[in-house]
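Data block for work_29.cif (mmCIF, C-alpha atoms):
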```
data_coords
loop_
_atom_site.label_atom_id
_atom_site.label_comp_id
_atom_site.auth_asym_id
_atom_site.auth_seq_id
_atom_site.Cartn_x
_atom_site.Cartn_y
_atom_site.Cartn_z
CA MET Q 1 17.34 14.03 96.97
CA LEU Q 2 17.69 13.16 93.31
CA ALA Q 3 16.85 16.22 91.22
CA LYS Q 4 14.38 16.23 88.36
CA ARG Q 5 16.33 17.07 85.22
CA ILE Q 6 15.62 19.73 82.62
CA ILE Q 7 17.11 18.88 79.25
CA PRO Q 8 17.20 21.28 76.29
CA CYS Q 9 17.44 19.55 72.93
CA LEU Q 10 19.14 20.99 69.85
CA ASP Q 11 18.32 19.80 66.33
CA VAL Q 12 21.52 19.76 64.32
CA ARG Q 13 21.90 19.43 60.55
CA ASP Q 14 25.27 19.53 58.81
CA GLY Q 15 26.87 20.98 61.91
CA LYS Q 16 24.35 23.81 62.39
CA VAL Q 17 21.44 24.16 64.77
CA VAL Q 18 18.27 24.24 62.72
CA LYS Q 19 14.69 24.94 63.54
CA GLY Q 20 11.55 24.34 61.55
CA VAL Q 21 8.02 23.18 62.18
CA ASN Q 22 7.52 19.52 61.31
CA PHE Q 23 10.70 19.54 59.26
CA VAL Q 24 9.21 22.17 56.96
CA GLY Q 25 10.86 25.53 56.43
CA ILE Q 26 14.02 24.52 58.24
CA LYS Q 27 16.31 27.44 58.98
CA GLU Q 28 19.87 27.42 60.21
CA VAL Q 29 19.86 29.36 63.43
CA GLY Q 30 23.14 28.85 65.18
CA ASP Q 31 26.30 27.12 66.21
CA PRO Q 32 25.53 24.02 68.30
CA VAL Q 33 28.62 24.37 70.48
CA GLN Q 34 27.71 27.94 71.41
CA CYS Q 35 24.06 27.00 71.98
CA ALA Q 36 25.15 24.15 74.27
CA ILE Q 37 27.41 26.50 76.23
CA ASP Q 38 24.50 28.93 76.63
CA TYR Q 39 22.20 26.19 77.91
CA ASP Q 40 24.89 25.02 80.32
CA ARG Q 41 25.08 28.56 81.71
CA GLN Q 42 21.31 28.66 82.12
CA GLY Q 43 21.57 25.58 84.32
CA ALA Q 44 20.65 22.78 81.90
CA ASP Q 45 21.17 19.43 83.62
CA GLU Q 46 22.05 17.71 80.41
CA ILE Q 47 22.25 18.67 76.73
CA THR Q 48 20.81 16.59 73.90
CA PHE Q 49 21.79 16.87 70.26
CA LEU Q 50 19.45 15.37 67.72
CA ASP Q 51 21.29 14.90 64.45
CA ILE Q 52 18.87 15.28 61.56
CA THR Q 53 21.60 15.09 58.93
CA ALA Q 54 21.01 12.54 56.24
CA THR Q 55 24.40 12.50 54.54
CA HIS Q 56 27.59 10.70 55.43
CA GLU Q 57 29.61 13.93 55.39
CA GLY Q 58 27.13 15.46 57.79
CA ARG Q 59 27.68 12.63 60.23
CA SER Q 60 31.40 13.24 60.54
CA THR Q 61 30.60 16.93 61.02
CA MET Q 62 28.41 15.84 63.94
CA ILE Q 63 31.36 14.05 65.52
CA ASP Q 64 33.34 17.31 65.41
CA VAL Q 65 30.41 19.14 66.99
CA VAL Q 66 30.31 16.58 69.81
CA ARG Q 67 34.07 16.78 70.28
CA ASN Q 68 34.06 20.57 70.53
CA THR Q 69 31.06 20.60 72.82
CA ALA Q 70 32.66 18.08 75.17
CA LYS Q 71 35.67 20.37 75.49
CA ASN Q 72 33.51 23.24 76.68
CA VAL Q 73 30.47 21.84 78.43
CA PHE Q 74 30.76 19.85 81.65
CA VAL Q 75 27.32 18.37 82.09
CA PRO Q 76 26.23 15.09 80.47
CA LEU Q 77 25.83 15.17 76.70
CA THR Q 78 23.42 12.91 74.81
CA VAL Q 79 23.51 12.44 71.06
CA GLY Q 80 20.77 10.88 68.97
CA GLY Q 81 19.64 10.67 65.37
CA GLY Q 82 20.65 8.14 62.76
CA ILE Q 83 22.61 5.85 65.07
CA ARG Q 84 22.46 2.36 63.65
CA THR Q 85 25.41 0.31 64.80
CA VAL Q 86 27.65 -0.37 67.77
CA ASP Q 87 30.40 1.40 65.79
CA ASP Q 88 28.27 4.56 65.66
CA PHE Q 89 28.03 4.32 69.45
CA ARG Q 90 31.78 3.98 69.78
CA ASP Q 91 32.55 6.93 67.50
CA LEU Q 92 30.25 9.28 69.39
CA LEU Q 93 31.29 8.10 72.86
CA ARG Q 94 34.94 8.58 71.90
CA ALA Q 95 34.16 12.07 70.69
CA GLY Q 96 32.85 12.86 74.16
CA ALA Q 97 29.15 11.97 74.22
CA ASP Q 98 28.03 10.47 77.53
CA LYS Q 99 24.86 8.84 76.26
CA ILE Q 100 23.62 7.77 72.87
CA SER Q 101 19.98 7.68 72.00
CA VAL Q 102 18.63 5.21 69.46
CA ASN Q 103 15.17 5.20 67.98
CA SER Q 104 14.16 3.47 64.74
CA ALA Q 105 17.32 1.35 64.55
CA ALA Q 106 16.41 -0.15 67.94
CA VAL Q 107 12.82 -0.78 66.86
CA ARG Q 108 14.01 -2.55 63.72
CA ASN Q 109 16.88 -4.36 65.45
CA PRO Q 110 16.34 -4.61 69.23
CA GLN Q 111 19.60 -6.55 69.46
CA LEU Q 112 21.38 -3.20 69.06
CA ILE Q 113 20.24 -2.22 72.57
CA SER Q 114 21.68 -5.38 74.12
CA GLU Q 115 24.92 -5.17 72.18
CA ALA Q 116 25.53 -1.54 73.04
CA ALA Q 117 24.64 -2.10 76.71
CA ASP Q 118 27.04 -5.06 76.91
CA LYS Q 119 29.83 -3.16 75.26
CA PHE Q 120 29.53 0.30 76.75
CA GLY Q 121 27.25 -0.13 79.76
CA SER Q 122 23.56 0.59 80.20
CA GLN Q 123 24.29 4.08 81.51
CA CYS Q 124 24.98 5.32 77.99
CA VAL Q 125 22.12 3.61 76.15
CA VAL Q 126 19.01 5.75 75.82
CA VAL Q 127 16.12 4.38 73.80
CA ALA Q 128 13.95 7.06 72.26
CA ILE Q 129 10.35 5.92 71.88
CA ASP Q 130 7.92 7.92 69.75
CA ALA Q 131 4.42 6.90 70.71
CA ARG Q 132 0.96 7.72 69.42
CA ARG Q 133 -2.50 7.05 70.83
CA LYS Q 134 -4.55 4.35 69.18
CA ALA Q 135 -8.23 4.93 68.43
CA GLU Q 136 -9.11 1.80 70.38
CA GLY Q 137 -7.01 2.89 73.38
CA GLY Q 138 -3.37 2.31 74.28
CA PHE Q 139 -0.26 3.60 72.53
CA THR Q 140 1.58 2.42 69.45
CA VAL Q 141 5.24 2.89 68.52
CA VAL Q 142 5.87 5.03 65.45
CA VAL Q 143 9.10 5.86 63.59
CA ASN Q 144 10.29 8.29 60.91
CA GLY Q 145 8.76 11.29 62.59
CA GLY Q 146 5.46 9.47 63.00
CA ARG Q 147 5.10 8.47 59.38
CA ILE Q 148 5.39 4.73 60.02
CA ASP Q 149 3.27 2.91 62.57
CA MET Q 150 5.21 -0.13 63.78
CA GLN Q 151 2.06 -1.72 65.22
CA MET Q 152 3.89 -2.32 68.49
CA ASP Q 153 2.50 -1.62 71.93
CA ALA Q 154 4.57 1.22 73.39
CA ILE Q 155 4.33 -0.09 76.96
CA ALA Q 156 5.50 -3.57 76.00
CA TRP Q 157 8.30 -2.03 73.93
CA ALA Q 158 9.48 0.12 76.85
CA LYS Q 159 9.65 -3.01 79.03
CA GLU Q 160 11.61 -4.84 76.37
CA CYS Q 161 14.06 -1.94 76.08
CA GLU Q 162 14.70 -2.16 79.82
CA ARG Q 163 15.08 -5.93 79.70
CA ARG Q 164 17.63 -5.56 76.90
CA GLY Q 165 19.73 -3.15 78.94
CA ALA Q 166 18.54 0.34 78.07
CA GLY Q 167 19.57 2.79 80.79
CA GLU Q 168 16.90 5.35 80.08
CA ILE Q 169 13.78 5.97 77.97
CA LEU Q 170 13.28 9.21 76.08
CA LEU Q 171 9.55 9.23 75.55
CA THR Q 172 7.98 11.52 72.97
CA SER Q 173 4.26 11.75 72.41
CA MET Q 174 3.52 12.30 68.74
CA ASP Q 175 0.06 13.52 69.70
CA THR Q 176 1.25 16.37 71.88
CA ASP Q 177 4.59 17.15 70.19
CA GLY Q 178 4.62 20.67 68.80
CA CYS Q 179 1.15 21.49 70.20
CA LYS Q 180 2.34 23.34 73.33
CA GLN Q 181 -0.65 22.05 75.27
CA GLY Q 182 1.39 20.06 77.77
CA PHE Q 183 3.11 16.68 77.94
CA ASP Q 184 1.02 13.55 77.45
CA LEU Q 185 0.62 12.78 81.15
CA GLU Q 186 -1.23 9.53 80.65
CA LEU Q 187 1.44 8.10 78.35
CA THR Q 188 4.31 9.32 80.53
CA ASP Q 189 2.78 7.88 83.65
CA ALA Q 190 1.91 4.57 82.01
CA ILE Q 191 5.49 4.06 80.83
CA SER Q 192 7.23 5.27 83.99
CA LYS Q 193 5.08 2.90 86.05
CA VAL Q 194 6.19 -0.20 84.16
CA VAL Q 195 9.94 0.40 83.90
CA ASN Q 196 12.51 0.80 86.63
CA ILE Q 197 14.81 3.03 84.57
CA PRO Q 198 14.51 6.81 84.25
CA VAL Q 199 11.93 8.20 81.83
CA ILE Q 200 12.43 11.54 80.08
CA ALA Q 201 9.15 13.15 79.06
CA SER Q 202 9.15 14.97 75.75
CA GLY Q 203 6.70 16.65 73.44
CA GLY Q 204 4.12 19.30 74.11
CA CYS Q 205 5.40 21.67 76.74
CA GLY Q 206 4.41 25.26 76.11
CA LYS Q 207 4.46 26.94 79.51
CA LEU Q 208 5.90 26.65 83.01
CA GLU Q 209 2.92 24.76 84.45
CA HIS Q 210 3.45 21.92 82.01
CA PHE Q 211 6.76 21.14 83.68
CA SER Q 212 5.38 21.03 87.22
CA GLN Q 213 2.44 18.95 85.96
CA VAL Q 214 4.60 16.27 84.40
CA PHE Q 215 6.62 15.85 87.60
CA GLU Q 216 3.64 16.06 89.95
CA LYS Q 217 1.34 13.77 87.99
CA THR Q 218 3.71 11.20 86.51
CA GLY Q 219 6.83 9.30 87.48
CA ALA Q 220 8.98 11.18 84.93
CA ASP Q 221 12.59 11.78 86.00
CA ALA Q 222 13.35 14.45 83.44
CA ALA Q 223 11.68 16.70 80.90
CA LEU Q 224 13.05 17.59 77.49
CA ALA Q 225 12.17 20.57 75.32
CA ALA Q 226 13.55 22.00 72.11
CA SER Q 227 11.78 24.99 70.56
CA LEU Q 228 10.52 26.38 73.84
CA PHE Q 229 14.10 26.99 74.96
CA HIS Q 230 15.38 27.63 71.50
CA PHE Q 231 13.04 30.51 70.77
CA LYS Q 232 13.73 31.79 74.29
CA GLU Q 233 10.06 31.62 75.27
CA LEU Q 234 11.39 30.26 78.54
CA THR Q 235 14.85 29.81 79.99
CA VAL Q 236 16.00 26.71 81.85
CA GLN Q 237 16.40 28.96 84.86
CA GLN Q 238 12.77 30.07 84.78
CA VAL Q 239 11.61 26.47 84.57
CA LYS Q 240 13.74 25.52 87.55
CA GLU Q 241 12.54 28.46 89.64
CA HIS Q 242 8.97 27.45 88.87
CA LEU Q 243 9.65 23.83 89.85
CA ARG Q 244 11.36 24.92 93.05
CA SER Q 245 8.30 26.96 93.99
CA HIS Q 246 6.33 23.72 93.62
CA ASN Q 247 8.76 21.92 95.94
CA ILE Q 248 10.07 19.77 93.11
CA PRO Q 249 13.79 19.10 93.67
CA VAL Q 250 15.98 20.64 90.99
CA ARG Q 251 19.69 21.31 90.76
CA ARG Q 252 20.58 24.89 91.57
CA MET K 1 51.68 17.36 86.12
CA ILE K 2 48.65 15.13 86.65
CA GLN K 3 48.64 11.73 84.99
CA ILE K 4 45.38 10.05 84.08
CA VAL K 5 45.67 6.28 84.30
CA ASP K 6 44.68 4.48 81.09
CA TYR K 7 44.21 0.81 81.89
CA GLY K 8 41.66 0.08 79.19
CA ALA K 9 38.46 1.00 81.02
CA GLY K 10 36.73 4.23 81.58
CA ASN K 11 36.16 7.46 79.83
CA LEU K 12 39.50 9.23 80.08
CA PHE K 13 38.62 11.90 77.58
CA SER K 14 36.00 13.69 79.62
CA VAL K 15 38.39 13.90 82.57
CA GLN K 16 41.09 15.17 80.25
CA ASN K 17 38.70 17.68 78.63
CA ALA K 18 37.87 19.09 82.06
CA LEU K 19 41.54 19.39 83.08
CA ASN K 20 42.41 21.02 79.75
CA TYR K 21 39.55 23.48 80.14
CA LEU K 22 40.90 24.41 83.58
CA GLN K 23 44.38 24.67 82.05
CA ILE K 24 45.74 22.02 84.36
CA GLU K 25 48.76 20.25 82.93
CA ASN K 26 47.93 16.59 82.36
CA LYS K 27 48.78 13.48 80.41
CA VAL K 28 47.08 10.15 79.79
CA THR K 29 49.41 7.26 80.53
CA ALA K 30 49.18 3.54 79.83
CA ASP K 31 52.64 2.83 81.30
CA PRO K 32 52.80 2.20 85.08
CA ALA K 33 56.48 3.23 85.18
CA GLU K 34 55.47 6.73 84.01
CA LEU K 35 53.53 7.36 87.23
CA ASP K 36 56.84 7.99 88.93
CA LYS K 37 57.08 11.29 87.01
CA ALA K 38 53.55 12.39 87.93
CA ASP K 39 52.85 14.96 90.64
CA GLY K 40 49.33 13.66 91.01
CA ILE K 41 47.34 10.72 89.69
CA ILE K 42 43.72 10.41 88.56
CA LEU K 43 42.20 6.93 88.33
CA PRO K 44 39.01 7.04 86.26
CA GLY K 45 36.71 4.11 85.67
CA VAL K 46 33.45 2.96 84.17
CA GLY K 47 32.32 -0.65 84.23
CA ALA K 48 32.47 -3.47 86.73
CA PHE K 49 34.76 -3.70 89.77
CA ARG K 50 36.14 -7.15 89.03
CA ASP K 51 36.93 -6.54 85.35
CA ALA K 52 38.56 -3.20 86.09
CA MET K 53 40.69 -4.63 88.94
CA GLN K 54 41.82 -7.43 86.65
CA MET K 55 42.86 -4.84 84.08
CA LEU K 56 44.73 -2.85 86.72
CA ASN K 57 46.48 -6.00 87.94
CA ARG K 58 47.39 -7.22 84.48
CA SER K 59 48.74 -3.85 83.34
CA GLY K 60 50.94 -3.55 86.43
CA PHE K 61 49.12 -0.43 87.61
CA THR K 62 47.97 -1.96 90.90
CA GLU K 63 51.48 -2.07 92.35
CA ALA K 64 52.52 1.22 90.77
CA ILE K 65 49.51 3.11 92.15
CA LYS K 66 49.97 1.63 95.63
CA GLU K 67 53.63 2.56 95.56
CA GLN K 68 52.97 6.16 94.47
CA ALA K 69 50.19 6.58 97.02
CA ALA K 70 52.48 5.27 99.76
CA GLN K 71 55.00 7.95 98.83
CA GLY K 72 52.34 10.55 99.55
CA LYS K 73 51.47 11.50 95.98
CA PRO K 74 47.93 12.92 95.66
CA LEU K 75 45.61 10.33 94.10
CA LEU K 76 42.01 10.87 93.00
CA GLY K 77 39.76 7.97 92.01
CA ILE K 78 36.59 8.80 90.10
CA CYS K 79 33.42 6.66 90.09
CA LEU K 80 34.62 3.05 89.71
CA GLY K 81 38.14 4.45 90.20
CA MET K 82 36.98 5.63 93.64
CA GLN K 83 35.43 2.28 94.46
CA MET K 84 38.66 0.47 93.64
CA LEU K 85 40.49 2.51 96.31
CA PHE K 86 38.73 0.39 98.95
CA GLU K 87 39.75 -3.02 100.26
CA LYS K 88 37.12 -5.20 98.65
CA GLY K 89 34.36 -5.07 96.07
CA TYR K 90 31.30 -7.32 95.84
CA GLU K 91 30.25 -6.87 92.23
CA PHE K 92 30.17 -10.37 90.61
CA GLY K 93 31.74 -12.01 93.69
CA GLU K 94 34.38 -10.75 96.10
CA THR K 95 37.35 -8.96 94.53
CA GLU K 96 40.33 -7.42 96.22
CA GLY K 97 40.65 -3.67 95.64
CA LEU K 98 43.65 -1.37 96.04
CA GLY K 99 43.12 -1.22 99.80
CA LEU K 100 44.10 2.45 100.14
CA ILE K 101 40.98 3.39 102.10
CA PRO K 102 39.45 1.05 104.72
CA GLY K 103 36.06 -0.26 103.62
CA CYS K 104 34.33 -2.22 100.91
CA VAL K 105 31.97 -1.71 97.98
CA GLN K 106 28.41 -3.09 98.07
CA LEU K 107 25.28 -2.93 95.95
CA ILE K 108 23.08 0.08 96.76
CA ASP K 109 19.93 -0.78 98.67
CA GLY K 110 17.56 1.48 96.77
CA GLY K 111 14.55 0.47 98.86
CA GLY K 112 12.36 0.64 95.76
CA LEU K 113 14.22 3.55 94.14
CA LYS K 114 15.62 3.02 90.66
CA ILE K 115 19.03 1.38 90.33
CA PRO K 116 21.43 2.64 88.99
CA HIS K 117 21.43 5.81 91.03
CA MET K 118 21.65 8.15 88.07
CA GLY K 119 21.38 11.90 87.90
CA TRP K 120 22.05 14.99 89.97
CA ASN K 121 21.96 14.52 93.72
CA ASP K 122 22.88 16.89 96.53
CA LEU K 123 25.86 16.68 98.84
CA THR K 124 26.07 17.12 102.59
CA VAL K 125 29.50 17.95 103.96
CA LEU K 126 30.43 15.69 106.87
CA HIS K 127 34.13 16.45 107.16
CA GLY K 128 35.90 19.15 105.21
CA CYS K 129 38.88 18.01 103.16
CA ALA K 130 41.21 19.70 100.69
CA LEU K 131 38.91 18.87 97.77
CA SER K 132 35.63 19.88 99.40
CA GLU K 133 36.76 23.41 100.33
CA ASP K 134 34.26 25.05 97.99
CA VAL K 135 31.45 22.53 98.41
CA GLN K 136 28.34 23.86 100.15
CA ASN K 137 25.64 21.71 101.67
CA GLY K 138 23.03 21.18 98.98
CA ASP K 139 25.39 21.44 96.01
CA TYR K 140 24.40 19.04 93.25
CA VAL K 141 26.77 16.64 91.50
CA TYR K 142 26.23 14.00 88.81
CA PHE K 143 26.12 10.32 89.82
CA VAL K 144 25.88 7.14 87.71
CA HIS K 145 26.44 3.98 89.75
CA SER K 146 24.83 0.89 91.25
CA TYR K 147 27.39 0.17 93.99
CA ARG K 148 28.45 2.30 96.93
CA ALA K 149 31.33 2.42 99.39
CA GLU K 150 30.77 1.19 102.91
CA THR K 151 33.30 2.89 105.13
CA ASP K 152 33.79 4.60 108.46
CA ASP K 153 32.38 8.13 108.68
CA ARG K 154 35.84 9.51 109.32
CA TYR K 155 36.77 8.82 105.68
CA ILE K 156 33.66 10.52 104.32
CA SER K 157 34.00 14.15 103.32
CA CYS K 158 30.61 14.49 101.60
CA TYR K 159 27.68 12.14 101.15
CA THR K 160 24.34 12.07 99.42
CA MET K 161 21.11 10.26 100.28
CA TYR K 162 19.51 7.70 98.01
CA ASN K 163 17.38 5.64 100.35
CA GLU K 164 20.62 5.14 102.27
CA LYS K 165 23.73 7.18 102.83
CA ILE K 166 25.99 7.14 99.77
CA PRO K 167 29.58 8.35 100.27
CA GLY K 168 30.17 10.98 97.57
CA LEU K 169 33.63 12.30 98.33
CA VAL K 170 36.01 10.21 100.46
CA PHE K 171 39.55 10.79 101.68
CA CYS K 172 42.31 9.09 103.60
CA GLY K 173 45.56 11.04 103.80
CA ASN K 174 46.66 11.86 100.28
CA VAL K 175 44.12 9.49 98.71
CA TYR K 176 40.78 10.94 97.51
CA GLY K 177 37.78 9.44 95.78
CA ALA K 178 34.67 10.88 94.13
CA GLN K 179 31.73 8.53 93.56
CA PHE K 180 30.15 11.17 91.31
CA HIS K 181 31.69 12.51 88.12
CA PRO K 182 33.35 15.86 88.88
CA GLU K 183 34.09 16.22 85.16
CA LYS K 184 30.32 16.13 84.47
CA SER K 185 29.17 18.06 87.52
CA GLY K 186 29.30 21.61 86.23
CA GLN K 187 30.84 24.31 88.41
CA VAL K 188 30.83 22.23 91.60
CA GLY K 189 32.75 19.42 89.93
CA MET K 190 35.20 21.81 88.32
CA GLY K 191 35.88 23.32 91.75
CA ILE K 192 36.78 19.89 93.10
CA LEU K 193 39.17 19.21 90.21
CA LYS K 194 40.74 22.65 90.70
CA ASN K 195 41.30 21.88 94.37
CA PHE K 196 42.93 18.58 93.47
CA ALA K 197 45.24 20.41 91.07
CA LYS K 198 46.13 22.89 93.83
CA LEU K 199 47.14 19.97 96.01
CA VAL K 200 49.31 18.62 93.23
CA THR K 201 51.19 21.85 92.63
CA ALA K 202 51.47 22.69 96.34
#
```
Please go through the file and, once you have read it, give me the structure as structure tokens.
Amino acid sequence: MLAKRIIPCLDVRDGKVVKGVNFVGIKEVGDPVQCAIDYDRQGADEITFLDITATHEGRSTMIDVVRNTAKNVFVPLTVGGGIRTVDDFRDLLRAGADKISVNSAAVRNPQLISEAADKFGSQCVVVAIDARRKAEGGFTVVVNGGRIDMQMDAIAWAKECERRGAGEILLTSMDTDGCKQGFDLELTDAISKVVNIPVIASGGCGKLEHFSQVFEKTGADAALAASLFHFKELTVQQVKEHLRSHNIPVRR
Amino acid sequence: MIQIVDYGAGNLFSVQNALNYLQIENKVTADPAELDKADGIILPGVGAFRDAMQMLNRSGFTEAIKEQAAQGKPLLGICLGMQMLFEKGYEFGETEGLGLIPGCVQLIDGGGLKIPHMGWNDLTVLHGCALSEDVQNGDYVYFVHSYRAETDDRYISCYTMYNEKIPGLVFCGNVYGAQFHPEKSGQVGMGILKNFAKLVTA
């Protein structure tokens, strides 16, 4: 039976893992390659790097990070953050990334999804969707860490991503992100019901029960968390043991 | 020394990274004549059956691989590389494969499950083979594919279930194929690559 995946995410800036709340008070806290190796040992089913570097030099540093990680970690590796062109895809795939996640560039130029899927295959195209609840109901797509509301319906956008060849949706709720009160179950379920590609739930997990909830109450295929694992509040292993005790299939 | 076939498709680097990590001597080769010097051959592959077979044919690898396999050299196909070991593929019409293992390659009948079959799925050992020595029932490996091999049980070493039976690890004499990605399947996958290397140096 296909296992539900647990994916730790590392925020990387200028080749270092960083951590801060809402991009404020960012601290360098470690070497991404070593962090990825540690997560692999804990049983992570996949590793995601989110590059929050703004500079050109930082981007080539990221390629080195990916290259060194791919030499030492033998589970799928996803890289996101600042990817704008098919060439960016190629550079990161060549360095050893297995999947590339695109967010605002795909919203602004949906053609990027189709082009990348045609060139490299849908299996490596992940579209990250940041969604926020609307006062009148439903969910809107936001970019730039939630600062810009694109006035697009998140459900319709998810369907379009699939139609254009996305292989997976990384869905983050901007309402629950950072709150540790649990994933947005309604959003996750709504999106996973309308697409036939895997959906990764992200944003809001704070304890073990949140993981079993998202798999029991929605069609999510995977769950992603950053700070929870980073600050060692929980290990991947603990999450998996918890899921197993709820009869949710996980890789051992 | 293991040679990894570079025919213009597929992610060779992750296979090479895994072999390097295991300190298994290897080389990527784009020249079919070089295969003669290999002790074992890995045929990777990502993409569509027809395009990849055309690339193998055009580059002269089809004949070279068949010739080496006939001499008894260990050969391991991975993902699409495994699918091409069979006689025929039905992705975008019928295409002739390498014909090294009896059977063909058909679209997965997901029965409502998502296609592609992507993620970690568990193996059941049907017949032990040199590569599956360390595989236990229930071990998880990483799959990404929409097509599956249809072959006699006797060629299936391990399979997984995804609505229907999906051959995971197949074998026929010195020819082996993994539908999953051993190079992305953590410890279980590394064990399979190690066992292939053992076969090559034996």
Here's the selection I'm unsure about, the PyMOL selection byres ((chain K and resi 128) around 12); applied to the file above, which residues does it give, as a ChimeraX atom specification?
/K:124-127,129-137,154-159,169-171
Could I get the residues of region 110-181 of chain K with an atom no further than 12 Å from an atom of region 36-47 of chain K, each paired with its nearest atom pair and that distance in Å to one decimal, using all atoms listed in the file, sorted by chain and residue number, as a tab-separated table?
```
residue	atom	partner	partner_atom	distance
K:Phe143	CA	K:Val46	CA	11.8
K:Val144	CA	K:Val46	CA	9.3
K:His145	CA	K:Val46	CA	9.0
K:Ser146	CA	K:Gly47	CA	10.4
K:Tyr147	CA	K:Gly47	CA	11.0
K:Asn174	CA	K:Gly40	CA	9.8
K:Val175	CA	K:Ile41	CA	9.7
K:Tyr176	CA	K:Ile42	CA	9.4
K:Gly177	CA	K:Leu43	CA	9.0
K:Ala178	CA	K:Pro44	CA	9.8
K:Gln179	CA	K:Gly45	CA	10.3
K:Phe180	CA	K:Pro44	CA	11.0
K:His181	CA	K:Pro44	CA	9.3
```
Could you write out that same residue set with C-alpha atoms as a CSV table (one decimal), in the coordinates of the input?
```
chain,number,residue,atom,x,y,z
K,143,PHE,CA,26.1,10.3,89.8
K,144,VAL,CA,25.9,7.1,87.7
K,145,HIS,CA,26.4,4.0,89.8
K,146,SER,CA,24.8,0.9,91.2
K,147,TYR,CA,27.4,0.2,94.0
K,174,ASN,CA,46.7,11.9,100.3
K,175,VAL,CA,44.1,9.5,98.7
K,176,TYR,CA,40.8,10.9,97.5
K,177,GLY,CA,37.8,9.4,95.8
K,178,ALA,CA,34.7,10.9,94.1
K,179,GLN,CA,31.7,8.5,93.6
K,180,PHE,CA,30.2,11.2,91.3
K,181,HIS,CA,31.7,12.5,88.1
```
Would you pick out the contacts of Asp51 (chain Q) at 10 Å or less, using all atoms listed in the file, so that residues sharing its chain but fewer than 4 positions from it are not included, and give the list as a PyMOL selection string?
chain Q and resi 10-18+58-59+62+79-83
Taking C-alpha atoms for each residue, export the selection above as a short mmCIF file (atom, residue, chain, number, x, y, z; two decimals), in the frame of the given file.
```cif
data_model
loop_
_atom_site.label_atom_id
_atom_site.label_comp_id
_atom_site.auth_asym_id
_atom_site.auth_seq_id
_atom_site.Cartn_x
_atom_site.Cartn_y
_atom_site.Cartn_z
CA LEU Q 10 19.14 20.99 69.85
CA ASP Q 11 18.32 19.80 66.33
CA VAL Q 12 21.52 19.76 64.32
CA ARG Q 13 21.90 19.43 60.55
CA ASP Q 14 25.27 19.53 58.81
CA GLY Q 15 26.87 20.98 61.91
CA LYS Q 16 24.35 23.81 62.39
CA VAL Q 17 21.44 24.16 64.77
CA VAL Q 18 18.27 24.24 62.72
CA GLY Q 58 27.13 15.46 57.79
CA ARG Q 59 27.68 12.63 60.23
CA MET Q 62 28.41 15.84 63.94
CA VAL Q 79 23.51 12.44 71.06
CA GLY Q 80 20.77 10.88 68.97
CA GLY Q 81 19.64 10.67 65.37
CA GLY Q 82 20.65 8.14 62.76
CA ILE Q 83 22.61 5.85 65.07
#
```
Residue IDs satisfying the PyMOL selection byres ((chain Q) within 6 of (chain K)), as a ChimeraX atom specification
/Q:1-3,71,74-76,196,251
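Proximity ranking of K:Glu67, K:Ala52, K:Thr201, K:Gln3 relative to Phe92 (chain K) places K:Ala52 first, based on all atoms listed in the file.
Compared by their closest atoms to Ala197 (chain K), and using only C-alpha atoms, the residues K:Leu75, K:Ala33, K:Ile65, K:Met55 rank with K:Leu75 nearest.
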May I have the residues within 12 Å of Gly93 (chain K) as number ranges by chain, using all atoms listed in the file and disregarding those fewer than 6 positions away in the same chain?
K: 48-51, 105-107
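Residues matched by the PyMOL selection byres ((chain Q and resi 85) around 10) in this file are Q:Gly82, Q:Ile83, Q:Arg84, Q:Val86, Q:Asp87, Q:Asp88, Q:Phe89, Q:Arg90, Q:Val102, Q:Ala105, Q:Ala106, Q:Asn109, Q:Leu112, Q:Ile113, Q:Glu115, Q:Ala116.
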Would you list the contacts of region 36-48 of chain Q as a PDB file with C-alpha atoms, in the frame of the given file, taking every protein, DNA or RNA residue within 7 Å and counting only C-alpha atoms, but skipping same-chain residues closer than 2 positions in sequence?
```
ATOM      1  CA  ARG Q   5      16.330  17.070  85.220  1.00  0.00           C
ATOM      2  CA  ILE Q   6      15.620  19.730  82.620  1.00  0.00           C
ATOM      3  CA  ILE Q   7      17.110  18.880  79.250  1.00  0.00           C
ATOM      4  CA  PRO Q   8      17.200  21.280  76.290  1.00  0.00           C
ATOM      5  CA  CYS Q   9      17.440  19.550  72.930  1.00  0.00           C
ATOM      6  CA  LEU Q  10      19.140  20.990  69.850  1.00  0.00           C
ATOM      7  CA  PRO Q  32      25.530  24.020  68.300  1.00  0.00           C
ATOM      8  CA  VAL Q  33      28.620  24.370  70.480  1.00  0.00           C
ATOM      9  CA  GLN Q  34      27.710  27.940  71.410  1.00  0.00           C
ATOM     10  CA  LEU Q  50      19.450  15.370  67.720  1.00  0.00           C
ATOM     11  CA  ASN Q  72      33.510  23.240  76.680  1.00  0.00           C
ATOM     12  CA  VAL Q  73      30.470  21.840  78.430  1.00  0.00           C
ATOM     13  CA  VAL Q  75      27.320  18.370  82.090  1.00  0.00           C
ATOM     14  CA  PRO Q  76      26.230  15.090  80.470  1.00  0.00           C
ATOM     15  CA  LEU Q  77      25.830  15.170  76.700  1.00  0.00           C
ATOM     16  CA  THR Q  78      23.420  12.910  74.810  1.00  0.00           C
ATOM     17  CA  VAL Q  79      23.510  12.440  71.060  1.00  0.00           C
ATOM     18  CA  THR Q 235      14.850  29.810  79.990  1.00  0.00           C
ATOM     19  CA  VAL Q 236      16.000  26.710  81.850  1.00  0.00           C
ATOM     20  CA  GLN Q 237      16.400  28.960  84.860  1.00  0.00           C
TER      21      GLN Q 237
END
```
